[in-house]
$ cat structure35.txt   # compact mmCIF, C-alpha atoms
# COMPACT_ATOMS: atom_id res chain seq x y z
CA LYS A 1 13.65 22.30 -8.01
CA SER A 2 14.49 19.77 -10.72
CA TYR A 3 11.71 17.43 -9.54
CA LYS A 4 8.37 17.69 -7.74
CA THR A 5 8.24 17.33 -3.95
CA ILE A 6 5.90 16.61 -1.04
CA ILE A 7 7.11 17.65 2.41
CA ILE A 8 5.87 16.14 5.67
CA ALA A 9 6.37 17.61 9.16
CA GLY A 10 4.80 16.81 12.53
CA THR A 11 5.57 15.46 15.98
CA ASN A 12 4.66 11.83 15.26
CA GLY A 13 3.55 9.85 12.21
CA LYS A 14 5.73 11.65 9.63
CA GLY A 15 7.52 8.51 8.49
CA SER A 16 4.38 6.36 8.27
CA THR A 17 2.54 9.06 6.31
CA ALA A 18 5.55 9.46 4.00
CA ALA A 19 5.80 5.68 3.46
CA MET A 20 2.09 5.35 2.55
CA THR A 21 2.21 8.39 0.25
CA ALA A 22 5.33 7.12 -1.53
CA SER A 23 3.87 3.61 -1.92
CA ILE A 24 0.63 4.92 -3.45
CA LEU A 25 2.45 7.18 -5.91
CA GLN A 26 4.84 4.37 -6.83
CA SER A 27 1.86 2.07 -7.50
CA ALA A 28 0.48 4.78 -9.80
CA GLY A 29 3.59 4.36 -11.96
CA TYR A 30 5.75 7.25 -10.77
CA ARG A 31 9.42 7.07 -9.88
CA ILE A 32 9.41 8.10 -6.22
CA GLY A 33 12.26 9.19 -3.98
CA LEU A 34 11.65 8.77 -0.25
CA TYR A 35 13.85 10.60 2.27
CA THR A 36 13.26 9.75 5.94
CA SER A 37 15.04 9.75 9.28
CA PRO A 38 16.37 8.33 11.47
CA HIS A 39 17.62 5.00 10.14
CA LEU A 40 17.43 1.79 12.14
CA VAL A 41 20.48 -0.22 11.03
CA ASP A 42 21.97 1.21 7.82
CA VAL A 43 22.17 4.95 7.09
CA ARG A 44 21.22 4.21 3.46
CA GLU A 45 17.68 3.36 4.62
CA ARG A 46 17.09 7.11 4.65
CA ILE A 47 17.48 7.47 0.87
CA VAL A 48 15.20 5.20 -1.14
CA ILE A 49 13.81 5.13 -4.69
CA ASN A 50 10.79 2.91 -5.39
CA GLY A 51 11.48 0.89 -2.26
CA LYS A 52 15.18 0.32 -2.94
CA LYS A 53 17.82 2.08 -0.86
CA ILE A 54 20.73 3.92 -2.49
CA SER A 55 23.58 1.59 -3.48
CA LEU A 56 26.79 1.72 -1.46
CA LYS A 57 28.71 2.73 -4.60
CA GLU A 58 26.40 5.67 -5.36
CA PHE A 59 26.27 6.68 -1.71
CA ASN A 60 30.06 6.86 -1.44
CA ARG A 61 30.39 8.65 -4.79
CA ILE A 62 27.92 11.41 -3.88
CA ILE A 63 29.40 11.78 -0.38
CA GLU A 64 32.79 12.51 -1.94
CA HIS A 65 31.21 14.96 -4.37
CA VAL A 66 29.41 16.84 -1.57
CA ARG A 67 32.52 16.86 0.64
CA LYS A 68 34.51 18.65 -2.09
CA HIS A 69 31.95 21.44 -2.27
CA ILE A 70 31.56 22.23 1.43
CA VAL A 71 32.70 25.79 2.22
CA GLN A 72 31.32 26.14 5.75
CA PRO A 73 30.47 23.69 8.56
CA VAL A 74 27.31 21.65 8.03
CA THR A 75 25.45 19.22 10.26
CA TYR A 76 25.17 15.48 9.70
CA PHE A 77 21.53 15.92 8.67
CA GLU A 78 22.28 18.78 6.26
CA PHE A 79 25.00 16.69 4.63
CA LEU A 80 22.72 13.65 4.19
CA THR A 81 19.88 15.81 2.88
CA THR A 82 22.22 17.16 0.19
CA VAL A 83 23.27 13.60 -0.71
CA ALA A 84 19.60 12.60 -1.02
CA PHE A 85 18.67 15.61 -3.17
CA LEU A 86 21.57 14.97 -5.55
CA TYR A 87 20.83 11.25 -5.79
CA PHE A 88 17.17 11.92 -6.60
CA GLN A 89 18.21 14.41 -9.28
CA ASN A 90 20.76 12.03 -10.80
CA GLN A 91 18.19 9.22 -10.89
CA LYS A 92 15.59 11.47 -12.56
CA ILE A 93 12.79 10.77 -10.11
CA ASP A 94 9.30 12.18 -10.68
CA ILE A 95 8.49 13.12 -7.07
CA ALA A 96 10.42 13.21 -3.80
CA VAL A 97 8.52 12.56 -0.56
CA LEU A 98 10.54 14.34 2.13
CA GLU A 99 10.24 13.80 5.86
CA VAL A 100 11.28 16.85 7.88
CA GLY A 101 14.09 16.12 10.35
CA LEU A 102 13.22 18.59 13.11
CA GLY A 103 10.64 21.37 13.24
CA GLY A 104 10.10 22.66 9.73
CA ARG A 105 10.92 26.33 9.27
CA LEU A 106 14.70 25.92 9.51
CA ASP A 107 14.93 22.26 8.51
CA ALA A 108 17.34 21.31 5.74
CA THR A 109 14.51 19.72 3.72
CA ASN A 110 12.57 23.00 3.64
CA VAL A 111 14.25 24.44 0.55
CA CYS A 112 11.77 22.82 -1.82
CA LYS A 113 8.56 24.23 -3.26
CA PRO A 114 6.22 21.31 -2.58
CA LEU A 115 3.05 20.24 -4.33
CA VAL A 116 1.61 19.70 -0.84
CA SER A 117 2.85 20.43 2.70
CA VAL A 118 1.67 17.95 5.33
CA ILE A 119 1.68 18.50 9.11
CA THR A 120 0.69 15.21 10.74
CA ASN A 121 0.11 16.39 14.31
CA ILE A 122 1.66 18.71 16.88
CA ASP A 123 2.66 17.82 20.42
CA TYR A 124 5.57 18.39 22.78
CA ASP A 125 8.99 17.25 21.50
CA HIS A 126 12.34 18.96 20.84
CA THR A 127 11.15 21.82 23.05
CA ALA A 128 14.72 23.11 23.49
CA TYR A 129 14.71 23.99 19.78
CA LEU A 130 11.03 24.53 18.95
CA GLY A 131 9.74 26.23 22.10
CA ASN A 132 7.81 24.92 25.07
CA THR A 133 4.27 25.85 24.02
CA LEU A 134 2.13 24.15 21.39
CA GLU A 135 1.74 27.50 19.61
CA SER A 136 5.51 28.00 19.26
CA ILE A 137 5.98 24.40 18.06
CA ALA A 138 3.12 24.90 15.58
CA ARG A 139 4.76 28.04 14.18
CA GLU A 140 8.01 26.14 13.56
CA LYS A 141 6.22 23.22 11.88
CA ALA A 142 4.16 25.68 9.81
CA GLY A 143 7.40 26.94 8.27
CA ILE A 144 6.86 24.32 5.54
CA ILE A 145 3.66 26.08 4.38
CA LYS A 146 4.50 28.01 1.21
CA ARG A 147 2.98 31.14 -0.28
CA ASN A 148 -0.04 30.15 -2.42
CA GLY A 149 0.55 26.57 -1.30
CA ILE A 150 -1.54 23.73 0.11
CA CYS A 151 -1.32 22.36 3.65
CA ILE A 152 -3.00 19.25 5.08
CA THR A 153 -3.02 18.48 8.80
CA ALA A 154 -4.39 16.03 11.35
CA ALA A 155 -3.63 18.40 14.25
CA ASN A 156 -6.80 18.95 16.27
CA GLN A 157 -5.97 21.32 19.16
CA LYS A 158 -7.84 24.63 18.79
CA LYS A 159 -4.80 26.78 19.56
CA VAL A 160 -2.67 24.84 17.07
CA LEU A 161 -5.28 25.13 14.32
CA LYS A 162 -5.54 28.86 15.00
CA VAL A 163 -1.78 29.22 14.36
CA LEU A 164 -2.01 27.15 11.16
CA ASP A 165 -5.09 29.09 9.98
CA ASN A 166 -3.36 32.45 10.54
CA ILE A 167 -0.19 31.41 8.72
CA CYS A 168 -2.18 30.03 5.79
CA LEU A 169 -4.12 33.30 5.67
CA GLN A 170 -0.89 35.33 5.65
CA ARG A 171 0.58 33.19 2.85
CA ASN A 172 -2.61 32.81 0.83
CA ALA A 173 -2.34 29.05 1.33
CA LYS A 174 -5.24 26.60 1.53
CA LEU A 175 -5.59 24.51 4.72
CA TYR A 176 -7.31 21.11 4.74
CA CYS A 177 -8.02 19.44 8.11
CA PHE A 178 -8.62 15.81 8.96
CA ARG A 179 -12.09 15.41 10.55
CA ARG A 180 -13.30 18.58 8.83
CA ASP A 181 -12.38 18.23 5.14
CA MET A 182 -11.73 14.49 5.06
CA LYS A 183 -13.11 11.80 7.33
CA ILE A 184 -12.61 8.14 8.11
CA LYS A 185 -15.43 5.73 8.95
CA LYS A 186 -14.37 2.40 10.43
CA GLN A 187 -16.21 -0.89 9.86
CA ASN A 188 -14.49 -3.78 11.63
CA ASN A 189 -11.01 -4.09 10.09
CA GLU A 190 -11.84 -1.95 7.05
CA PHE A 191 -12.58 1.74 6.70
CA THR A 192 -14.11 4.24 4.31
CA TYR A 193 -12.29 7.44 3.35
CA GLN A 194 -14.56 10.41 2.66
CA GLY A 195 -12.13 12.78 1.03
CA ILE A 196 -12.01 16.26 -0.42
CA ASN A 197 -13.43 15.14 -3.77
CA HIS A 198 -13.36 11.38 -3.49
CA THR A 199 -14.79 8.50 -1.46
CA LEU A 200 -13.02 5.14 -1.13
CA LYS A 201 -14.56 2.10 0.56
CA ASN A 202 -13.20 -1.15 2.03
CA LEU A 203 -9.71 0.20 2.64
CA THR A 204 -7.15 -1.66 4.74
CA ILE A 205 -3.59 -0.85 5.78
CA PRO A 206 -0.90 -3.27 6.93
CA LEU A 207 0.41 -0.85 9.59
CA ARG A 208 -0.96 -1.61 13.05
CA GLY A 209 -2.48 0.95 15.40
CA GLU A 210 -5.50 3.23 15.39
CA HIS A 211 -3.23 6.26 14.94
CA GLN A 212 -2.27 4.96 11.48
CA ILE A 213 -5.80 5.72 10.27
CA SER A 214 -5.23 9.49 10.48
CA ASN A 215 -1.80 9.06 8.86
CA CYS A 216 -3.49 7.12 6.06
CA ALA A 217 -6.11 9.87 5.63
CA LEU A 218 -3.31 12.41 5.20
CA ALA A 219 -1.60 10.22 2.60
CA LEU A 220 -4.87 9.81 0.68
CA ALA A 221 -5.63 13.55 0.86
CA THR A 222 -2.11 14.28 -0.38
CA THR A 223 -2.58 12.08 -3.44
CA GLU A 224 -6.02 13.66 -4.03
CA LEU A 225 -4.53 17.16 -4.03
CA CYS A 226 -1.63 16.07 -6.22
CA GLU A 227 -4.26 15.30 -8.88
CA ARG A 228 -4.81 19.06 -9.14
CA LYS A 229 -1.14 19.42 -10.02
CA GLY A 230 -1.32 16.84 -12.81
CA ILE A 231 -0.27 13.77 -10.80
CA HIS A 232 -2.86 11.17 -11.73
CA VAL A 233 -3.52 8.38 -9.21
CA ASP A 234 -6.32 5.89 -9.88
CA ASP A 235 -8.21 3.89 -7.26
CA LYS A 236 -6.34 0.68 -8.07
CA ALA A 237 -3.02 2.37 -7.27
CA ILE A 238 -4.41 3.58 -3.93
CA TYR A 239 -5.56 0.12 -2.81
CA GLN A 240 -2.37 -1.51 -4.08
CA GLY A 241 -0.11 1.19 -2.64
CA LEU A 242 -1.64 0.93 0.81
CA ALA A 243 -1.47 -2.88 0.76
CA ASN A 244 2.22 -2.72 -0.24
CA THR A 245 3.26 -0.18 2.42
CA ARG A 246 6.10 -1.41 4.61
CA TRP A 247 7.34 0.63 7.53
CA GLU A 248 9.48 -0.86 10.25
CA ALA A 249 9.52 -0.21 14.00
CA ARG A 250 5.92 0.93 14.22
CA LEU A 251 4.16 -1.73 16.31
CA GLU A 252 6.34 -4.18 14.39
CA VAL A 253 6.03 -7.81 15.46
CA LEU A 254 9.55 -9.19 15.74
CA GLN A 255 8.48 -12.69 16.77
CA GLU A 256 5.23 -14.43 17.69
CA THR A 257 6.04 -16.61 20.75
CA PRO A 258 6.49 -14.92 23.07
CA LEU A 259 5.08 -11.92 21.24
CA PHE A 260 7.87 -9.36 20.83
CA ILE A 261 6.95 -5.91 19.53
CA LEU A 262 9.18 -3.00 18.50
CA ASP A 263 7.88 0.55 18.47
CA GLY A 264 9.86 3.73 17.89
CA ALA A 265 7.74 5.90 20.23
CA HIS A 266 10.16 8.52 21.58
CA ASN A 267 7.98 11.19 23.17
CA PRO A 268 4.93 11.21 25.49
CA ALA A 269 2.40 11.49 22.65
CA GLY A 270 4.01 8.52 20.90
CA ILE A 271 3.92 6.48 24.13
CA ASP A 272 0.23 7.36 24.56
CA ALA A 273 -0.53 6.03 21.06
CA LEU A 274 1.50 2.90 21.79
CA CYS A 275 -0.38 2.24 25.05
CA ARG A 276 -3.75 2.61 23.30
CA SER A 277 -2.67 0.19 20.57
CA LEU A 278 -1.31 -2.40 23.01
CA LYS A 279 -4.65 -2.37 24.83
CA ARG A 280 -6.81 -2.41 21.69
CA ASP A 281 -4.87 -4.49 19.16
CA PHE A 282 -3.06 -7.16 21.18
CA SER A 283 -3.99 -9.90 23.63
CA PHE A 284 -1.49 -10.92 26.30
CA SER A 285 -1.09 -12.00 29.90
CA ARG A 286 1.76 -9.76 31.12
CA LEU A 287 3.48 -6.78 29.50
CA ILE A 288 7.28 -6.77 29.75
CA LEU A 289 8.75 -3.37 28.88
CA LEU A 290 12.24 -3.00 27.43
CA PHE A 291 13.13 0.69 27.55
CA GLY A 292 16.03 2.92 26.46
CA VAL A 293 15.88 6.60 25.56
CA LEU A 294 17.85 9.69 24.55
CA ALA A 295 18.61 12.43 27.06
CA ASP A 296 16.79 15.19 25.15
CA LYS A 297 13.45 13.35 25.51
CA ASP A 298 10.85 13.79 28.25
CA TYR A 299 11.61 10.28 29.49
CA ARG A 300 10.08 10.73 32.96
CA ARG A 301 6.69 11.51 31.45
CA MET A 302 7.12 8.67 28.95
CA LEU A 303 7.84 6.19 31.74
CA ALA A 304 5.01 7.55 33.89
CA ARG A 305 2.55 6.82 31.08
CA ILE A 306 3.65 3.28 30.22
CA ALA A 307 4.92 1.90 33.56
CA PRO A 308 1.44 1.37 35.10
CA HIS A 309 0.64 -1.10 32.29
CA CYS A 310 3.79 -3.19 32.82
CA SER A 311 4.40 -6.31 34.90
CA LYS A 312 8.18 -6.08 34.38
CA ILE A 313 10.42 -3.16 33.37
CA ILE A 314 13.88 -3.71 31.86
CA LEU A 315 16.11 -0.66 31.37
CA THR A 316 19.02 -0.64 28.96
CA PRO A 317 21.70 1.79 27.80
CA ILE A 318 21.75 2.56 24.07
CA ASN A 319 24.95 2.69 22.08
CA THR A 320 25.10 6.48 21.72
CA LYS A 321 26.51 9.29 23.86
CA ARG A 322 23.07 10.91 23.77
CA ALA A 323 21.44 8.11 25.81
CA VAL A 324 20.09 8.53 29.35
CA PRO A 325 22.19 6.48 31.84
CA VAL A 326 20.26 3.48 33.13
CA SER A 327 20.89 4.65 36.70
CA ASP A 328 18.87 7.81 35.98
CA LEU A 329 16.09 5.75 34.40
CA ARG A 330 16.05 3.41 37.40
CA ASP A 331 15.82 6.37 39.80
CA SER A 332 12.85 7.73 37.87
CA VAL A 333 11.08 4.37 37.90
CA ASN A 334 11.75 3.94 41.63
CA GLN A 335 10.35 7.41 42.39
CA MET A 336 7.13 6.36 40.65
CA GLY A 337 6.87 3.36 42.97
CA TYR A 338 7.87 0.69 40.45
CA VAL A 339 10.80 -1.72 40.30
CA ALA A 340 13.05 -2.10 37.26
CA VAL A 341 15.79 -4.47 36.14
CA THR A 342 18.88 -2.78 34.67
CA THR A 343 21.19 -4.33 32.08
CA GLY A 344 24.61 -3.49 30.66
CA ASN A 345 23.63 -3.46 26.99
CA VAL A 346 20.77 -4.13 24.58
CA ARG A 347 21.68 -7.78 23.99
CA GLN A 348 21.49 -8.47 27.74
CA ALA A 349 18.16 -6.64 27.92
CA VAL A 350 16.69 -8.78 25.12
CA GLU A 351 18.00 -11.98 26.74
CA SER A 352 16.49 -10.93 30.10
CA ALA A 353 13.13 -10.16 28.50
CA LEU A 354 13.00 -13.49 26.66
CA ALA A 355 13.97 -15.35 29.85
CA MET A 356 11.18 -13.63 31.81
CA ALA A 357 8.45 -14.03 29.23
CA GLY A 358 5.91 -16.83 29.21
CA LYS A 359 4.16 -17.92 26.01
CA GLN A 360 1.18 -15.64 26.69
CA ASP A 361 3.27 -12.57 27.56
CA LEU A 362 4.13 -9.59 25.37
CA ILE A 363 7.58 -7.96 25.23
CA CYS A 364 7.52 -4.36 24.02
CA ALA A 365 10.76 -2.51 23.23
CA THR A 366 10.30 1.23 22.92
CA GLY A 367 11.68 4.68 23.78
CA SER A 368 14.02 5.29 20.86
CA PHE A 369 14.67 4.35 17.25
CA TYR A 370 18.28 3.81 18.33
CA LEU A 371 17.13 1.06 20.68
CA VAL A 372 14.93 -0.50 18.01
CA GLY A 373 17.80 -0.44 15.51
CA GLU A 374 20.12 -2.24 17.93
CA ILE A 375 17.50 -4.92 18.58
CA LYS A 376 16.89 -5.43 14.86
CA GLN A 377 20.57 -6.23 14.41
CA LEU A 378 20.10 -9.12 16.84
CA PHE A 379 17.29 -10.46 14.63
CA PRO A 380 18.75 -10.02 11.10
CA LYS A 381 16.00 -12.07 9.38
CA ASN A 382 13.48 -9.43 10.43
CA TYR A 383 15.38 -6.58 8.80
CA LEU A 384 13.39 -5.78 5.65
CA ILE A 385 14.97 -2.85 3.81
$ encode --input "structure35.txt" --output "structure tokens"
Amino acid sequence: KSYKTIIIAGTNGKGSTAAMTASILQSAGYRIGLYTSPHLVDVRERIVINGKKISLKEFNRIIEHVRKHIVQPVTYFEFLTTVAFLYFQNQKIDIAVLEVGLGGRLDATNVCKPLVSVITNIDYDHTAYLGNTLESIAREKAGIIKRNGICITAANQKKVLKVLDNICLQRNAKLYCFRRDMKIKKQNNEFTYQGINHTLKNLTIPLRGEHQISNCALALATTELCERKGIHVDDKAIYQGLANTRWEARLEVLQETPLFILDGAHNPAGIDALCRSLKRDFSFSRLILLFGVLADKDYRRMLARIAPHCSKIILTPINTKRAVPVSDLRDSVNQMGYVAVTTGNVRQAVESALAMAGKQDLICATGSFYLVGEIKQLFPKNYLI
């Protein structure tokens, strides 16, 4: 409560939307805290001010401070959220952009009173915690909508929008929907944003993928609505902020020849978006899939959606107890009528993929941010943060 906040929930696109929002607000001259999850290589990636992650000294100091005050068991995520909140307060930020960890209603981030609540989209993920219907998942995500607040969403399913409408009605909150209240018109590689009160032409974003357009619309609508709360953002800051947005592991090109792409898609909807982008945005001869995934994900459906597009499939364990054994992944692939290569670790998987790939082929590593993080450590020059 000692600084302003924006909170972002949703099944996919939370991090990208948060990164664009933070970059725009930073370009407008504000001191912006950005709290996201998970991290790829270094846990301090989660806690960033104006593009710079928390120093190791500050991180350790605040961890010790929090540890001394714990009176009941807390989760890893709750602990880190507390560290982030304290760091942002100590550093006297203007606005914190907070990415929800899981769901919304009971998430550790959801103790703030945000300027704007954003729900990117709603699909099936974390069903063991959020419920196995879109309506139940929507209700959990909608927990970030505050009384008399503002909510923006790119969700488009009728039953989901009905849930969001009803909750906004109950809480006297205003709901703005992508495609209804703000629109995007594409012209070649540029697009026009027709917003709530504002139109912007000739926009571009450095993040690849058609799905980033709706994430960008949400970020632009968020900054528009922040204007009503006294946060001034001029057009120059918007163009500059979008151009400066950096967000790793989202259709990230690791190397050019052979083309090697990393994508953190970790649920069926994310895999669908990845498949559309591979088809639309890249040119290649064969697709070589490098896949590893956590056990709480719907990995059979994920594999079923991407396997038909692949010439080769390489399965790898990830360095976490939560990973699906490669033998289970191989069984799933075999049952679908495909053949997969299994490896003992991520390094072997990368070496196998590079050995298989011709100059015109594309290697795509996906399934988990844990997998992407391990690969990035093998290519340290490509680690940006």
$ residues_around --input "structure35.txt" --residues "range 41-43 of chain A" --least-positions-apart "6" --cutoff "12 Å" --atoms "all atoms listed in the file" --output "PyMOL selection string"
chain A and resi 35+53-56+59-60+76-77+80-81+83-84+248-249+369-380+382-385
$ residues_around --input "structure35.txt" --residues "range 123-135 of chain A" --least-positions-apart "2" --cutoff "6 Å" --atoms "all atoms listed in the file" --output "PyMOL selection string"
chain A and resi 11+137-138+160
$ closest_residue --input "structure35.txt" --among "A:Thr5, A:Asn244, A:Thr21, A:Thr199" --to "Leu115 in chain A" --atoms "all atoms listed in the file"
A:Thr5
$ closest_residue --input "structure35.txt" --among "A:Ala9, A:Leu40, A:Ser277, A:Gly292" --to "Ile144 in chain A" --atoms "only C-alpha atoms"
A:Ala9
$ residues_around --input "structure35.txt" --residues "range 260-267 of chain A" --least-positions-apart "4" --cutoff "6 Å" --atoms "all atoms listed in the file" --output "PDB file with C-alpha atoms, in the frame of the given file"
ATOM      1  CA  ALA A 249       9.520  -0.210  14.000  1.00  0.00           C
ATOM      2  CA  ARG A 250       5.920   0.930  14.220  1.00  0.00           C
ATOM      3  CA  LEU A 251       4.160  -1.730  16.310  1.00  0.00           C
ATOM      4  CA  GLU A 252       6.340  -4.180  14.390  1.00  0.00           C
ATOM      5  CA  VAL A 253       6.030  -7.810  15.460  1.00  0.00           C
ATOM      6  CA  LEU A 254       9.550  -9.190  15.740  1.00  0.00           C
ATOM      7  CA  GLN A 255       8.480 -12.690  16.770  1.00  0.00           C
ATOM      8  CA  ILE A 271       3.920   6.480  24.130  1.00  0.00           C
ATOM      9  CA  LEU A 362       4.130  -9.590  25.370  1.00  0.00           C
ATOM     10  CA  ILE A 363       7.580  -7.960  25.230  1.00  0.00           C
ATOM     11  CA  CYS A 364       7.520  -4.360  24.020  1.00  0.00           C
ATOM     12  CA  ALA A 365      10.760  -2.510  23.230  1.00  0.00           C
ATOM     13  CA  THR A 366      10.300   1.230  22.920  1.00  0.00           C
ATOM     14  CA  GLY A 367      11.680   4.680  23.780  1.00  0.00           C
ATOM     15  CA  SER A 368      14.020   5.290  20.860  1.00  0.00           C
ATOM     16  CA  PHE A 369      14.670   4.350  17.250  1.00  0.00           C
TER      17      PHE A 369
END
$ atom_distance --input "structure35.txt" --atom1 "CA of Gly149 in chain A" --atom2 "CA of Gly10 in chain A"
17.5 Å
$ atom_distance --input "structure35.txt" --atom1 "CA of Ser27 in chain A" --atom2 "CA of Gln91 in chain A"
18.1 Å
$ residues_around --input "structure35.txt" --residues "Gln348 in chain A" --least-positions-apart "4" --cutoff "12 Å" --atoms "all atoms listed in the file" --output "ChimeraX atom specification"
/A:290,314-318,341-344,352-355,374-375,378
$ residues_around --input "structure35.txt" --residues "range 187-193 of chain A" --least-positions-apart "5" --cutoff "7 Å" --atoms "all atoms listed in the file" --output "VMD selection string"
chain A and resid 199 to 204
$ atom_distance --input "structure35.txt" --atom1 "CA of Val66 in chain A" --atom2 "CA of Glu99 in chain A"
20.8 Å
$ closest_residue --input "structure35.txt" --among "A:Val233, A:Ile145, A:Ile70, A:Ile196" --to "Ala173 in chain A" --atoms "only C-alpha atoms"
A:Ile145
$ closest_residue --input "structure35.txt" --among "A:Ala19, A:Leu164, A:Ile8, A:Ala221" --to "Asp181 in chain A" --atoms "only C-alpha atoms"
A:Ala221
$ closest_residue --input "structure35.txt" --among "A:Glu140, A:Asp281, A:Glu351, A:Asp328" --to "Leu102 in chain A" --atoms "all atoms listed in the file"
A:Glu140
$ residues_near_point --input "structure35.txt" --point "(6.0, 12.6, 28.0)" --cutoff "9 Å" --atoms "all atoms listed in the file" --output "PyMOL selection string"
chain A and resi 124-125+266-272+297-305
$ write_last_selection --input "structure35.txt" --atoms "C-alpha atoms" --output "PDB file, in the frame of the given file"
ATOM      1  CA  TYR A 124       5.570  18.390  22.780  1.00  0.00           C
ATOM      2  CA  ASP A 125       8.990  17.250  21.500  1.00  0.00           C
ATOM      3  CA  HIS A 266      10.160   8.520  21.580  1.00  0.00           C
ATOM      4  CA  ASN A 267       7.980  11.190  23.170  1.00  0.00           C
ATOM      5  CA  PRO A 268       4.930  11.210  25.490  1.00  0.00           C
ATOM      6  CA  ALA A 269       2.400  11.490  22.650  1.00  0.00           C
ATOM      7  CA  GLY A 270       4.010   8.520  20.900  1.00  0.00           C
ATOM      8  CA  ILE A 271       3.920   6.480  24.130  1.00  0.00           C
ATOM      9  CA  ASP A 272       0.230   7.360  24.560  1.00  0.00           C
ATOM     10  CA  LYS A 297      13.450  13.350  25.510  1.00  0.00           C
ATOM     11  CA  ASP A 298      10.850  13.790  28.250  1.00  0.00           C
ATOM     12  CA  TYR A 299      11.610  10.280  29.490  1.00  0.00           C
ATOM     13  CA  ARG A 300      10.080  10.730  32.960  1.00  0.00           C
ATOM     14  CA  ARG A 301       6.690  11.510  31.450  1.00  0.00           C
ATOM     15  CA  MET A 302       7.120   8.670  28.950  1.00  0.00           C
ATOM     16  CA  LEU A 303       7.840   6.190  31.740  1.00  0.00           C
ATOM     17  CA  ALA A 304       5.010   7.550  33.890  1.00  0.00           C
ATOM     18  CA  ARG A 305       2.550   6.820  31.080  1.00  0.00           C
TER      19      ARG A 305
END
$ decode --input "structure35.txt" --residues "range 138-142 of chain A" --atoms "all heavy atoms" --output "CSV table (one decimal), in the first residue's frame"
chain,number,residue,atom,x,y,z
A,138,ALA,N,-12.0,-19.1,-14.3
A,138,ALA,CA,-12.3,-17.7,-14.4
A,138,ALA,C,-12.6,-17.1,-13.1
A,138,ALA,O,-12.2,-16.0,-12.8
A,138,ALA,CB,-13.5,-17.5,-15.4
A,139,ARG,N,-13.4,-17.8,-12.2
A,139,ARG,CA,-13.7,-17.2,-10.9
A,139,ARG,C,-12.5,-17.0,-10.1
A,139,ARG,O,-12.4,-16.0,-9.3
A,139,ARG,CB,-14.7,-18.1,-10.2
A,139,ARG,CG,-16.2,-17.9,-10.6
A,139,ARG,CD,-17.2,-18.6,-9.7
A,139,ARG,NE,-17.2,-20.1,-10.0
A,139,ARG,CZ,-17.9,-20.7,-11.0
A,139,ARG,NH1,-18.7,-19.9,-11.7
A,139,ARG,NH2,-17.8,-22.0,-11.2
A,140,GLU,N,-11.5,-18.0,-10.2
A,140,GLU,CA,-10.3,-17.8,-9.4
A,140,GLU,C,-9.4,-16.6,-9.9
A,140,GLU,O,-8.9,-15.9,-9.2
A,140,GLU,CB,-9.5,-19.1,-9.5
A,140,GLU,CG,-10.1,-20.3,-8.7
A,140,GLU,CD,-10.2,-20.0,-7.2
A,140,GLU,OE1,-9.3,-19.4,-6.7
A,140,GLU,OE2,-11.2,-20.5,-6.7
A,141,LYS,N,-9.3,-16.5,-11.3
A,141,LYS,CA,-8.6,-15.4,-11.8
A,141,LYS,C,-9.2,-14.1,-11.5
A,141,LYS,O,-8.5,-13.1,-11.2
A,141,LYS,CB,-8.5,-15.5,-13.4
A,141,LYS,CG,-8.0,-16.9,-13.9
A,141,LYS,CD,-6.5,-17.0,-13.9
A,141,LYS,CE,-6.0,-18.3,-14.6
A,141,LYS,NZ,-4.6,-18.6,-14.4
A,142,ALA,N,-10.6,-14.1,-11.5
A,142,ALA,CA,-11.3,-12.8,-11.2
A,142,ALA,C,-11.2,-12.4,-9.8
A,142,ALA,O,-11.6,-11.3,-9.4
A,142,ALA,CB,-12.8,-13.0,-11.6
